[in-house]
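Heads up, structure-v3.tsv below (TSV, C-alpha atoms):
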```
chain	number	residue	atom	x	y	z
A	1	MET	CA	0.00	0.00	0.00
A	2	SER	CA	1.47	3.35	-1.04
A	3	GLN	CA	-1.17	6.06	-0.50
A	4	VAL	CA	-2.73	6.18	2.96
A	5	ARG	CA	-4.49	8.68	5.22
A	6	VAL	CA	-3.05	9.54	8.62
A	7	ALA	CA	-4.42	11.62	11.48
A	8	ALA	CA	-3.11	13.75	14.34
A	9	VAL	CA	-5.37	14.24	17.36
A	10	HIS	CA	-5.36	17.80	18.70
A	11	ALA	CA	-7.42	17.37	21.85
A	12	ALA	CA	-7.26	17.41	25.64
A	13	PRO	CA	-7.94	14.37	27.84
A	14	GLU	CA	-10.51	14.18	30.61
A	15	TYR	CA	-7.79	15.23	32.99
A	16	LEU	CA	-6.62	12.48	35.41
A	17	ASP	CA	-9.84	10.51	34.74
A	18	VAL	CA	-8.65	7.25	33.21
A	19	ALA	CA	-12.04	5.77	32.35
A	20	ALA	CA	-13.40	8.97	30.83
A	21	THR	CA	-10.23	9.54	28.82
A	22	VAL	CA	-10.35	6.00	27.46
A	23	GLU	CA	-13.91	6.69	26.33
A	24	LYS	CA	-12.83	9.94	24.68
A	25	ALA	CA	-9.89	8.25	22.97
A	26	CYS	CA	-12.12	5.49	21.62
A	27	GLY	CA	-14.50	8.13	20.26
A	28	LEU	CA	-11.66	9.99	18.57
A	29	ILE	CA	-10.35	6.76	17.05
A	30	ALA	CA	-13.83	6.01	15.65
A	31	GLU	CA	-14.12	9.56	14.29
A	32	ALA	CA	-10.71	9.40	12.62
A	33	GLY	CA	-11.49	5.97	11.19
A	34	ALA	CA	-14.73	7.29	9.74
A	35	GLN	CA	-12.67	9.93	7.95
A	36	GLY	CA	-10.56	7.18	6.36
A	37	ALA	CA	-7.52	7.42	8.63
A	38	ARG	CA	-5.33	4.31	8.77
A	39	LEU	CA	-3.10	5.71	11.52
A	40	VAL	CA	-4.13	7.93	14.46
A	41	VAL	CA	-1.51	9.62	16.65
A	42	PHE	CA	-2.33	10.98	20.12
A	43	PRO	CA	-0.46	13.51	22.33
A	44	GLU	CA	2.06	12.65	25.03
A	45	VAL	CA	0.48	10.83	28.02
A	46	PHE	CA	-3.01	11.58	26.66
A	47	LEU	CA	-4.09	8.90	29.11
A	48	PRO	CA	-4.66	10.53	31.60
A	49	GLY	CA	-2.91	13.88	30.84
A	50	PHE	CA	0.42	15.60	31.29
A	51	PRO	CA	1.45	16.32	34.94
A	52	TYR	CA	1.70	20.11	34.58
A	53	TRP	CA	2.09	20.56	38.34
A	54	ILE	CA	5.72	19.37	38.21
A	55	ASN	CA	6.76	22.80	36.89
A	56	CYS	CA	4.51	24.86	39.16
A	57	TYR	CA	5.03	23.94	42.84
A	58	PRO	CA	7.80	23.01	45.30
A	59	PRO	CA	8.37	19.24	45.34
A	60	LEU	CA	6.84	18.65	48.79
A	61	LEU	CA	3.57	20.22	47.64
A	62	GLN	CA	3.40	17.78	44.75
A	63	THR	CA	3.39	14.49	46.64
A	64	ALA	CA	-0.40	14.10	46.79
A	65	LEU	CA	-0.65	14.79	43.06
A	66	HIS	CA	2.15	12.30	42.39
A	67	ALA	CA	0.19	9.66	44.31
A	68	ARG	CA	-2.94	10.55	42.36
A	69	TYR	CA	-1.00	10.23	39.11
A	70	LEU	CA	0.25	6.80	40.13
A	71	ALA	CA	-3.35	5.77	40.76
A	72	ALA	CA	-4.27	7.14	37.32
A	73	SER	CA	-1.69	5.01	35.51
A	74	VAL	CA	-2.27	1.98	33.28
A	75	THR	CA	-0.48	-1.28	32.62
A	76	VAL	CA	0.62	-2.41	29.16
A	77	PRO	CA	-1.07	-4.73	28.35
A	78	GLY	CA	-4.09	-4.07	30.54
A	79	PRO	CA	-7.85	-3.47	30.46
A	80	GLU	CA	-7.61	0.13	29.32
A	81	ILE	CA	-5.27	-0.76	26.48
A	82	ARG	CA	-7.60	-3.59	25.45
A	83	ARG	CA	-10.37	-1.00	25.00
A	84	ILE	CA	-8.06	0.95	22.69
A	85	GLN	CA	-7.26	-2.23	20.79
A	86	GLU	CA	-10.97	-2.92	20.33
A	87	ALA	CA	-11.55	0.64	19.10
A	88	ALA	CA	-8.64	0.36	16.64
A	89	ARG	CA	-9.97	-2.91	15.27
A	90	ALA	CA	-13.50	-1.54	14.90
A	91	ALA	CA	-12.24	1.59	13.12
A	92	GLY	CA	-9.70	-0.28	10.99
A	93	THR	CA	-6.89	2.07	11.97
A	94	ALA	CA	-3.54	1.74	13.68
A	95	VAL	CA	-3.11	3.86	16.83
A	96	VAL	CA	-0.20	5.44	18.68
A	97	LEU	CA	-1.42	6.46	22.13
A	98	GLY	CA	0.57	8.28	24.81
A	99	VAL	CA	-0.02	6.76	28.25
A	100	ASN	CA	1.22	7.06	31.82
A	101	GLU	CA	2.40	3.47	32.20
A	102	ARG	CA	2.92	1.70	35.51
A	103	GLU	CA	5.22	-1.23	36.16
A	104	GLY	CA	5.38	-2.15	39.82
A	105	SER	CA	5.46	1.19	41.62
A	106	SER	CA	7.38	3.02	38.89
A	107	LEU	CA	5.91	5.14	36.10
A	108	TYR	CA	6.98	5.51	32.48
A	109	ASN	CA	6.09	8.03	29.79
A	110	THR	CA	5.04	5.59	27.08
A	111	GLN	CA	3.76	5.42	23.53
A	112	VAL	CA	1.58	2.35	22.88
A	113	PHE	CA	1.44	1.02	19.31
A	114	VAL	CA	-1.69	-0.85	18.18
A	115	SER	CA	-2.30	-2.29	14.70
A	116	GLU	CA	-5.36	-1.73	12.52
A	117	THR	CA	-6.50	-5.26	13.47
A	118	GLY	CA	-6.30	-4.43	17.18
A	119	ASP	CA	-3.06	-6.24	17.92
A	120	LEU	CA	-0.75	-4.74	20.54
A	121	LEU	CA	2.44	-4.22	18.54
A	122	GLY	CA	4.55	-2.89	21.38
A	123	ARG	CA	5.48	0.22	23.30
A	124	HIS	CA	8.13	2.89	23.48
A	125	ARG	CA	9.16	4.28	26.85
A	126	LYS	CA	10.66	7.77	26.84
A	127	LEU	CA	14.39	7.31	27.15
A	128	GLN	CA	15.07	10.41	29.22
A	129	PRO	CA	12.37	12.34	31.10
A	130	THR	CA	12.98	16.05	30.71
A	131	PHE	CA	13.78	18.49	33.55
A	132	ALA	CA	11.17	18.14	36.33
A	133	GLU	CA	9.66	15.08	34.62
A	134	ARG	CA	12.42	13.08	36.32
A	135	THR	CA	10.59	13.50	39.63
A	136	ILE	CA	7.71	11.40	38.32
A	137	TRP	CA	8.87	9.11	35.49
A	138	ALA	CA	11.62	6.53	35.30
A	139	ALA	CA	13.85	6.40	32.21
A	140	GLY	CA	13.19	3.88	29.50
A	141	ASP	CA	15.83	1.85	27.70
A	142	ALA	CA	16.59	1.03	24.08
A	143	SER	CA	14.68	-2.26	24.23
A	144	THR	CA	11.62	-0.16	23.38
A	145	LEU	CA	13.34	2.07	20.81
A	146	SER	CA	11.51	0.34	18.00
A	147	VAL	CA	9.88	0.63	14.59
A	148	PHE	CA	6.78	-1.48	13.97
A	149	ASP	CA	5.51	-3.06	10.77
A	150	THR	CA	1.90	-2.10	10.04
A	151	ALA	CA	-0.36	-2.41	7.03
A	152	ILE	CA	0.43	1.19	6.10
A	153	GLY	CA	4.20	1.08	6.55
A	154	ARG	CA	6.90	1.11	9.21
A	155	VAL	CA	5.86	3.30	12.14
A	156	GLY	CA	8.06	4.58	14.98
A	157	GLY	CA	7.82	7.38	17.48
A	158	LEU	CA	9.43	9.57	20.10
A	159	VAL	CA	8.09	11.69	22.94
A	160	CYS	CA	8.62	15.45	23.25
A	161	TRP	CA	12.24	16.46	23.84
A	162	GLU	CA	13.47	12.99	22.95
A	163	HIS	CA	13.55	14.64	19.54
A	164	THR	CA	16.63	16.54	20.73
A	165	MET	CA	18.39	13.16	21.10
A	166	ASN	CA	19.83	12.90	17.61
A	167	LEU	CA	21.11	9.38	18.13
A	168	ALA	CA	17.66	8.14	19.22
A	169	ARG	CA	16.19	9.65	16.07
A	170	HIS	CA	18.93	8.08	13.96
A	171	ALA	CA	18.24	4.67	15.53
A	172	LEU	CA	14.66	4.84	14.25
A	173	VAL	CA	15.88	5.91	10.83
A	174	GLY	CA	18.26	2.96	10.83
A	175	ALA	CA	15.35	0.65	11.66
A	176	GLY	CA	13.58	1.78	8.48
A	177	GLU	CA	11.05	4.25	9.89
A	178	GLN	CA	8.66	5.57	7.22
A	179	ILE	CA	6.08	7.31	9.40
A	180	HIS	CA	7.06	9.01	12.65
A	181	ALA	CA	4.63	9.62	15.52
A	182	GLY	CA	5.70	12.69	17.47
A	183	SER	CA	3.77	12.87	20.75
A	184	TRP	CA	4.04	16.12	22.71
A	185	PRO	CA	2.26	18.04	25.49
A	186	SER	CA	1.43	21.69	25.10
A	187	LEU	CA	3.95	23.89	26.88
A	188	SER	CA	3.49	27.11	24.92
A	189	THR	CA	1.30	28.54	27.69
A	190	THR	CA	3.98	27.83	30.32
A	191	VAL	CA	6.01	30.77	31.56
A	192	GLY	CA	9.31	31.01	29.72
A	193	PHE	CA	8.13	28.95	26.73
A	194	ALA	CA	5.46	31.15	25.17
A	195	ASP	CA	7.79	32.61	22.56
A	196	VAL	CA	9.88	29.52	21.81
A	197	TYR	CA	8.02	26.25	22.31
A	198	ASP	CA	5.99	26.06	19.10
A	199	ASP	CA	9.07	27.09	17.12
A	200	GLN	CA	11.06	24.32	18.83
A	201	VAL	CA	8.44	21.68	18.00
A	202	GLU	CA	8.30	22.85	14.40
A	203	ALA	CA	12.09	22.87	14.04
A	204	MET	CA	12.58	19.41	15.53
A	205	SER	CA	9.67	17.87	13.61
A	206	ARG	CA	10.59	19.26	10.21
A	207	ASN	CA	14.23	18.41	10.84
A	208	HIS	CA	13.33	14.79	11.54
A	209	ALA	CA	11.23	14.65	8.37
A	210	ILE	CA	14.14	15.54	6.10
A	211	THR	CA	17.00	13.95	8.06
A	212	GLY	CA	15.01	10.75	8.50
A	213	GLN	CA	13.27	10.89	5.11
A	214	CYS	CA	9.94	10.08	6.71
A	215	PHE	CA	6.48	11.53	7.24
A	216	VAL	CA	6.04	13.11	10.67
A	217	VAL	CA	2.70	13.22	12.49
A	218	VAL	CA	2.79	15.68	15.41
A	219	SER	CA	0.06	15.54	18.06
A	220	GLN	CA	-0.41	17.90	21.02
A	221	ASN	CA	-3.11	18.70	23.55
A	222	PRO	CA	-4.29	22.19	24.47
A	223	VAL	CA	-4.44	23.09	28.17
A	224	ASN	CA	-8.07	23.39	29.27
A	225	GLN	CA	-9.80	24.55	32.44
A	226	GLN	CA	-9.83	21.03	33.90
A	227	VAL	CA	-6.05	21.14	34.19
A	228	LEU	CA	-5.99	24.47	36.00
A	229	ASP	CA	-8.80	23.42	38.34
A	230	VAL	CA	-7.01	20.21	39.35
A	231	LEU	CA	-3.73	22.01	39.98
A	232	GLU	CA	-5.18	24.76	42.12
A	233	GLU	CA	-7.56	22.55	44.09
A	234	ALA	CA	-4.76	20.12	44.93
A	235	ALA	CA	-1.75	22.40	45.46
A	236	GLY	CA	-2.89	26.03	45.50
A	237	PRO	CA	-2.89	29.02	43.15
A	238	GLN	CA	-0.32	29.18	40.37
A	239	ASP	CA	0.34	31.54	37.49
A	240	LEU	CA	2.91	29.54	35.53
A	241	VAL	CA	0.52	27.65	33.24
A	242	THR	CA	-2.48	29.20	31.46
A	243	LEU	CA	-5.17	28.09	29.03
A	244	GLY	CA	-4.65	27.24	25.38
A	245	GLY	CA	-1.60	26.16	23.45
A	246	GLY	CA	-1.08	23.06	21.40
A	247	TRP	CA	0.67	22.65	18.03
A	248	SER	CA	-0.24	19.74	15.76
A	249	ALA	CA	0.70	19.04	12.15
A	250	ILE	CA	1.45	16.44	9.48
A	251	ILE	CA	4.72	16.96	7.61
A	252	HIS	CA	6.09	15.61	4.32
A	253	PRO	CA	9.63	14.15	4.18
A	254	MET	CA	10.75	17.19	2.17
A	255	THR	CA	9.27	19.34	5.03
A	256	PRO	CA	6.11	20.95	3.52
A	257	TYR	CA	2.98	20.82	5.68
A	258	LEU	CA	0.31	18.37	4.57
A	259	ALA	CA	-2.03	19.42	7.40
A	260	GLY	CA	-1.80	22.21	9.93
A	261	PRO	CA	-0.12	23.42	11.91
A	262	HIS	CA	-3.20	23.75	14.05
A	263	THR	CA	-2.78	25.70	17.30
A	264	GLY	CA	-4.95	26.80	20.18
A	265	PRO	CA	-7.81	25.44	22.27
A	266	GLU	CA	-10.10	24.27	19.45
A	267	GLU	CA	-10.09	20.47	19.39
A	268	THR	CA	-9.85	18.78	16.00
A	269	ILE	CA	-8.44	15.81	14.12
A	270	LEU	CA	-5.98	16.76	11.41
A	271	VAL	CA	-5.93	14.36	8.44
A	272	ALA	CA	-3.71	14.14	5.38
A	273	ASP	CA	-3.14	11.70	2.56
A	274	ILE	CA	0.45	10.55	2.31
A	275	ASP	CA	2.22	8.56	-0.39
A	276	LEU	CA	4.97	6.28	0.88
A	277	ALA	CA	6.57	6.45	-2.55
A	278	ASP	CA	7.64	9.96	-1.50
A	279	VAL	CA	9.93	8.38	1.10
A	280	ASP	CA	11.94	6.73	-1.67
A	281	GLY	CA	11.67	9.91	-3.71
A	282	THR	CA	13.31	11.84	-0.89
A	283	LYS	CA	15.99	9.17	-0.43
A	284	VAL	CA	17.09	9.76	-4.02
A	285	PHE	CA	18.54	13.01	-2.68
A	286	VAL	CA	19.55	11.92	0.81
A	287	ASP	CA	19.48	8.49	2.44
A	288	SER	CA	20.79	8.92	5.99
A	289	VAL	CA	21.54	5.23	6.49
A	290	GLY	CA	22.44	4.50	2.88
A	291	HIS	CA	24.26	6.43	0.18
A	292	PHE	CA	24.38	9.62	2.28
A	293	SER	CA	26.01	7.94	5.27
A	294	ARG	CA	29.72	7.56	5.97
A	295	SER	CA	29.75	4.47	8.15
A	296	GLU	CA	33.52	4.19	8.01
A	297	VAL	CA	33.69	7.62	9.70
A	298	LEU	CA	30.48	7.81	11.76
A	299	SER	CA	28.38	4.91	13.05
A	300	LEU	CA	25.82	4.26	15.78
A	301	HIS	CA	25.74	1.27	18.12
A	302	VAL	CA	22.42	0.69	19.92
A	303	ASP	CA	22.34	-1.52	23.02
A	304	ASN	CA	18.74	-2.67	22.91
A	305	ARG	CA	18.96	-5.25	25.66
A	306	PRO	CA	16.40	-4.64	28.45
A	307	LYS	CA	17.98	-3.14	31.55
A	308	LYS	CA	16.99	-4.48	34.98
A	309	ALA	CA	18.06	-3.32	38.42
A	310	VAL	CA	18.38	-6.94	39.56
A	311	THR	CA	19.14	-10.01	37.45
A	312	PHE	CA	19.45	-13.64	38.50
A	313	ALA	CA	21.64	-16.21	36.81
A	314	VAL	CA	19.10	-18.98	37.46
A	315	GLY	CA	15.36	-18.55	37.96
A	316	ASP	CA	13.76	-15.36	39.24
A	317	GLY	CA	15.33	-15.23	42.70
A	318	VAL	CA	12.04	-16.01	44.45
A	319	ARG	CA	12.22	-18.79	47.05
A	320	ARG	CA	8.87	-20.57	47.10
A	321	GLU	CA	9.33	-23.35	49.70
A	322	PRO	CA	8.16	-22.66	53.27
A	323	LEU	CA	10.53	-20.83	55.60
A	324	GLU	CA	10.76	-23.96	57.78
A	325	ALA	CA	12.10	-26.00	54.88
A	326	PHE	CA	14.65	-23.29	54.17
A	327	ALA	CA	15.77	-23.34	57.82
A	328	ASP	CA	16.13	-27.14	57.73
A	329	SER	CA	18.16	-27.00	54.53
A	330	GLU	CA	20.53	-24.59	56.18
A	331	GLY	CA	21.11	-26.97	59.09
```

Show me this structure written as structure tokens.
Amino acid sequence: MSQVRVAAVHAAPEYLDVAATVEKACGLIAEAGAQGARLVVFPEVFLPGFPYWINCYPPLLQTALHARYLAASVTVPGPEIRRIQEAARAAGTAVVLGVNEREGSSLYNTQVFVSETGDLLGRHRKLQPTFAERTIWAAGDASTLSVFDTAIGRVGGLVCWEHTMNLARHALVGAGEQIHAGSWPSLSTTVGFADVYDDQVEAMSRNHAITGQCFVVVSQNPVNQQVLDVLEEAAGPQDLVTLGGGWSAIIHPMTPYLAGPHTGPEETILVADIDLADVDGTKVFVDSVGHFSRSEVLSLHVDNRPKKAVTFAVGDGVRREPLEAFADSEG
């Protein structure tokens, strides 16, 4: 399949409400599918929303919100993700959904990849949480730095300022990425970022399109009143984040816009028809992992083995016999 339609969701979640946000996501998937989309990309941690409080309050005032965010996390796989899988299958579209993922008592900023038949293809955990994000999310590893085969092409993704990690981007290019899902929050209404954030997103996204010779689908959420209400009810007044923002677009490998950019509080689904033959057309000029590379001078090694804090040479380290038997065996 060469020509396909893709979609970028420009919408806010039902903030910190997992069930309601799942319902909203399923509705948006159905709506995009009805418009002919074969891939739908959602913002960063759309389920259940970006933790804007991390940039607004002293750390000790954030602990209750951190606990609430842990309670509003999901497992992958898990019941919430199964609902997304069902929605993808019913709509006949692949989905890339940003989620607040829980494993044990640790959280990860994750993109979940679902096929158009509803299969869970895999996940990508943000390699390096940015700035204050490190107070809430653990770092991912390269075992989830992946590109997935779908019916519409090879799809990969990164989250927010991971796009500044040139080697992470190059790893996806090396894995044959054709369509890139860029999941971001809105930060353009945050103090200090109003004049630079949208320009940064545009620069990084268009740069990845041409340096990776791939289509880029950028999805962001606007900040709505729900976010401000939650922050101020839980931790007190703040004037660092305001309403609005969001920057979403679909970009050709040669960097023209195919849809958007759409900015501001109005929620919408951006759609564009893309032709994967244009990927090869762009690679005629520049193929970053082919004729335009100099592997004898510059090369990238990716250690994609999963990283664990504790490993056991044999078994899982869990002793299952009764304590009395253990005492007897020890004499």

Rank nothing, just name the residue among A:Ser219, A:Gly260, A:Cys56, A:Arg123 nearest to Leu240 in chain A, using all atoms listed in the file.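 The closest residue to Leu240 in chain A is A:Cys56.
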
Would you work out the distance separating CA of Asn100 in chain A from CA of Gln62 in chain A, expressed in Å to one decimal? 16.9 Å

My list of candidates is A:Val227, A:Cys26, A:Ala20, A:Val310. Which is closest to Val40 in chain A when distances are computed with only C-alpha atoms?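 Looking at the shortest contact to Val40 in chain A, the residue is A:Cys26.
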
Mind pulling up the distance from CA of Pro253 in chain A to CA of His170 in chain A?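 Calculated distance between CA of His170 in chain A and CA of Pro253 in chain A is 14.8 Å.
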
Quick one: distance from CA of Leu276 in chain A to CA of Ser146 in chain A in Å, one decimal?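 Spanning CA of Leu276 in chain A to CA of Ser146 in chain A is a straight-line distance of 19.3 Å.
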
Within 9 Å of range 22-24 of chain A using all atoms listed in the file, minus same-chain residues under 2 positions, as a list of chain:residue names: A:Pro13, A:Glu14, A:Asp17, A:Val18, A:Ala19, A:Ala20, A:Cys26, A:Gly27, A:Leu28, A:Ile29, A:Leu47, A:Pro48, A:Glu80, A:Ile81, A:Arg83, A:Ile84

Determine, counting all atoms listed in the file, which protein, DNA and RNA residues have an atom within 12 Å of an atom of Cys214 in chain A; residues of the same chain fewer than 6 positions away are not included. Present the result as a PyMOL selection string. chain A and resi 153-157+169-170+172-182+205-208+250-256+274-283+286-288

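Each of A:Val74, A:Leu120, A:Ala132, A:Val289 was checked against Thr150 in chain A using only C-alpha atoms; the smallest atom-to-atom distance is that of A:Leu120.
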
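Using only C-alpha atoms, the nearest neighbour of Arg125 in chain A within the list A:Ala25, A:Met165, A:Val45, A:Ala32 is A:Val45.
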
Please complete range 72-93 of chain A with N, CA, C and O atoms and give it back as a PDB file, in the coordinates of the input.
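Contents of rebuild19.pdb, freshly written:
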```
ATOM      1  N   ALA A  72      -3.675   6.917  38.635  1.00  0.00           N
ATOM      2  CA  ALA A  72      -4.270   7.140  37.320  1.00  0.00           C
ATOM      3  C   ALA A  72      -3.409   6.576  36.196  1.00  0.00           C
ATOM      4  O   ALA A  72      -3.523   7.007  35.050  1.00  0.00           O
ATOM      5  N   SER A  73      -2.551   5.615  36.514  1.00  0.00           N
ATOM      6  CA  SER A  73      -1.690   5.010  35.510  1.00  0.00           C
ATOM      7  C   SER A  73      -2.354   3.746  34.953  1.00  0.00           C
ATOM      8  O   SER A  73      -3.363   3.271  35.466  1.00  0.00           O
ATOM      9  N   VAL A  74      -1.754   3.198  33.883  1.00  0.00           N
ATOM     10  CA  VAL A  74      -2.270   1.980  33.280  1.00  0.00           C
ATOM     11  C   VAL A  74      -1.129   1.000  33.062  1.00  0.00           C
ATOM     12  O   VAL A  74       0.041   1.388  33.012  1.00  0.00           O
ATOM     13  N   THR A  75      -1.470  -0.266  32.946  1.00  0.00           N
ATOM     14  CA  THR A  75      -0.480  -1.280  32.620  1.00  0.00           C
ATOM     15  C   THR A  75      -0.573  -1.613  31.134  1.00  0.00           C
ATOM     16  O   THR A  75      -1.621  -1.457  30.505  1.00  0.00           O
ATOM     17  N   VAL A  76       0.544  -2.063  30.578  1.00  0.00           N
ATOM     18  CA  VAL A  76       0.620  -2.410  29.160  1.00  0.00           C
ATOM     19  C   VAL A  76       1.176  -3.827  29.048  1.00  0.00           C
ATOM     20  O   VAL A  76       2.351  -4.048  29.349  1.00  0.00           O
ATOM     21  N   PRO A  77       0.361  -4.837  28.674  1.00  0.00           N
ATOM     22  CA  PRO A  77      -1.070  -4.730  28.350  1.00  0.00           C
ATOM     23  C   PRO A  77      -1.906  -4.559  29.613  1.00  0.00           C
ATOM     24  O   PRO A  77      -1.400  -4.708  30.725  1.00  0.00           O
ATOM     25  N   GLY A  78      -3.174  -4.270  29.415  1.00  0.00           N
ATOM     26  CA  GLY A  78      -4.090  -4.070  30.540  1.00  0.00           C
ATOM     27  C   GLY A  78      -5.476  -3.762  30.009  1.00  0.00           C
ATOM     28  O   GLY A  78      -5.688  -3.619  28.798  1.00  0.00           O
ATOM     29  N   PRO A  79      -6.461  -3.652  30.905  1.00  0.00           N
ATOM     30  CA  PRO A  79      -7.850  -3.470  30.460  1.00  0.00           C
ATOM     31  C   PRO A  79      -8.084  -2.199  29.661  1.00  0.00           C
ATOM     32  O   PRO A  79      -8.861  -2.196  28.698  1.00  0.00           O
ATOM     33  N   GLU A  80      -7.423  -1.116  30.059  1.00  0.00           N
ATOM     34  CA  GLU A  80      -7.610   0.130  29.320  1.00  0.00           C
ATOM     35  C   GLU A  80      -7.047   0.028  27.907  1.00  0.00           C
ATOM     36  O   GLU A  80      -7.655   0.507  26.936  1.00  0.00           O
ATOM     37  N   ILE A  81      -5.889  -0.604  27.793  1.00  0.00           N
ATOM     38  CA  ILE A  81      -5.270  -0.760  26.480  1.00  0.00           C
ATOM     39  C   ILE A  81      -6.111  -1.704  25.615  1.00  0.00           C
ATOM     40  O   ILE A  81      -6.219  -1.513  24.393  1.00  0.00           O
ATOM     41  N   ARG A  82      -6.736  -2.697  26.230  1.00  0.00           N
ATOM     42  CA  ARG A  82      -7.600  -3.590  25.450  1.00  0.00           C
ATOM     43  C   ARG A  82      -8.776  -2.815  24.848  1.00  0.00           C
ATOM     44  O   ARG A  82      -9.215  -3.113  23.729  1.00  0.00           O
ATOM     45  N   ARG A  83      -9.296  -1.827  25.564  1.00  0.00           N
ATOM     46  CA  ARG A  83     -10.370  -1.000  25.000  1.00  0.00           C
ATOM     47  C   ARG A  83      -9.866  -0.239  23.773  1.00  0.00           C
ATOM     48  O   ARG A  83     -10.574  -0.099  22.773  1.00  0.00           O
ATOM     49  N   ILE A  84      -8.648   0.257  23.842  1.00  0.00           N
ATOM     50  CA  ILE A  84      -8.060   0.950  22.690  1.00  0.00           C
ATOM     51  C   ILE A  84      -7.868  -0.019  21.534  1.00  0.00           C
ATOM     52  O   ILE A  84      -8.127   0.323  20.365  1.00  0.00           O
ATOM     53  N   GLN A  85      -7.431  -1.217  21.832  1.00  0.00           N
ATOM     54  CA  GLN A  85      -7.260  -2.230  20.790  1.00  0.00           C
ATOM     55  C   GLN A  85      -8.592  -2.525  20.102  1.00  0.00           C
ATOM     56  O   GLN A  85      -8.659  -2.648  18.870  1.00  0.00           O
ATOM     57  N   GLU A  86      -9.653  -2.653  20.892  1.00  0.00           N
ATOM     58  CA  GLU A  86     -10.970  -2.920  20.330  1.00  0.00           C
ATOM     59  C   GLU A  86     -11.424  -1.761  19.433  1.00  0.00           C
ATOM     60  O   GLU A  86     -11.994  -1.984  18.351  1.00  0.00           O
ATOM     61  N   ALA A  87     -11.165  -0.528  19.889  1.00  0.00           N
ATOM     62  CA  ALA A  87     -11.550   0.640  19.100  1.00  0.00           C
ATOM     63  C   ALA A  87     -10.761   0.693  17.795  1.00  0.00           C
ATOM     64  O   ALA A  87     -11.307   1.033  16.733  1.00  0.00           O
ATOM     65  N   ALA A  88      -9.472   0.368  17.848  1.00  0.00           N
ATOM     66  CA  ALA A  88      -8.640   0.360  16.640  1.00  0.00           C
ATOM     67  C   ALA A  88      -9.149  -0.672  15.646  1.00  0.00           C
ATOM     68  O   ALA A  88      -9.246  -0.399  14.436  1.00  0.00           O
ATOM     69  N   ARG A  89      -9.471  -1.848  16.146  1.00  0.00           N
ATOM     70  CA  ARG A  89      -9.970  -2.910  15.270  1.00  0.00           C
ATOM     71  C   ARG A  89     -11.312  -2.508  14.639  1.00  0.00           C
ATOM     72  O   ARG A  89     -11.522  -2.689  13.428  1.00  0.00           O
ATOM     73  N   ALA A  90     -12.200  -1.935  15.428  1.00  0.00           N
ATOM     74  CA  ALA A  90     -13.500  -1.540  14.900  1.00  0.00           C
ATOM     75  C   ALA A  90     -13.380  -0.435  13.860  1.00  0.00           C
ATOM     76  O   ALA A  90     -14.138  -0.403  12.874  1.00  0.00           O
ATOM     77  N   ALA A  91     -12.416   0.475  14.050  1.00  0.00           N
ATOM     78  CA  ALA A  91     -12.240   1.590  13.120  1.00  0.00           C
ATOM     79  C   ALA A  91     -11.333   1.234  11.950  1.00  0.00           C
ATOM     80  O   ALA A  91     -11.272   1.979  10.966  1.00  0.00           O
ATOM     81  N   GLY A  92     -10.619   0.116  12.051  1.00  0.00           N
ATOM     82  CA  GLY A  92      -9.700  -0.280  10.990  1.00  0.00           C
ATOM     83  C   GLY A  92      -8.511   0.632  10.863  1.00  0.00           C
ATOM     84  O   GLY A  92      -8.004   0.864   9.761  1.00  0.00           O
ATOM     85  N   THR A  93      -8.020   1.142  11.995  1.00  0.00           N
ATOM     86  CA  THR A  93      -6.890   2.070  11.970  1.00  0.00           C
ATOM     87  C   THR A  93      -5.865   1.707  13.026  1.00  0.00           C
ATOM     88  O   THR A  93      -6.219   1.279  14.132  1.00  0.00           O
TER      89      THR A  93
END
```
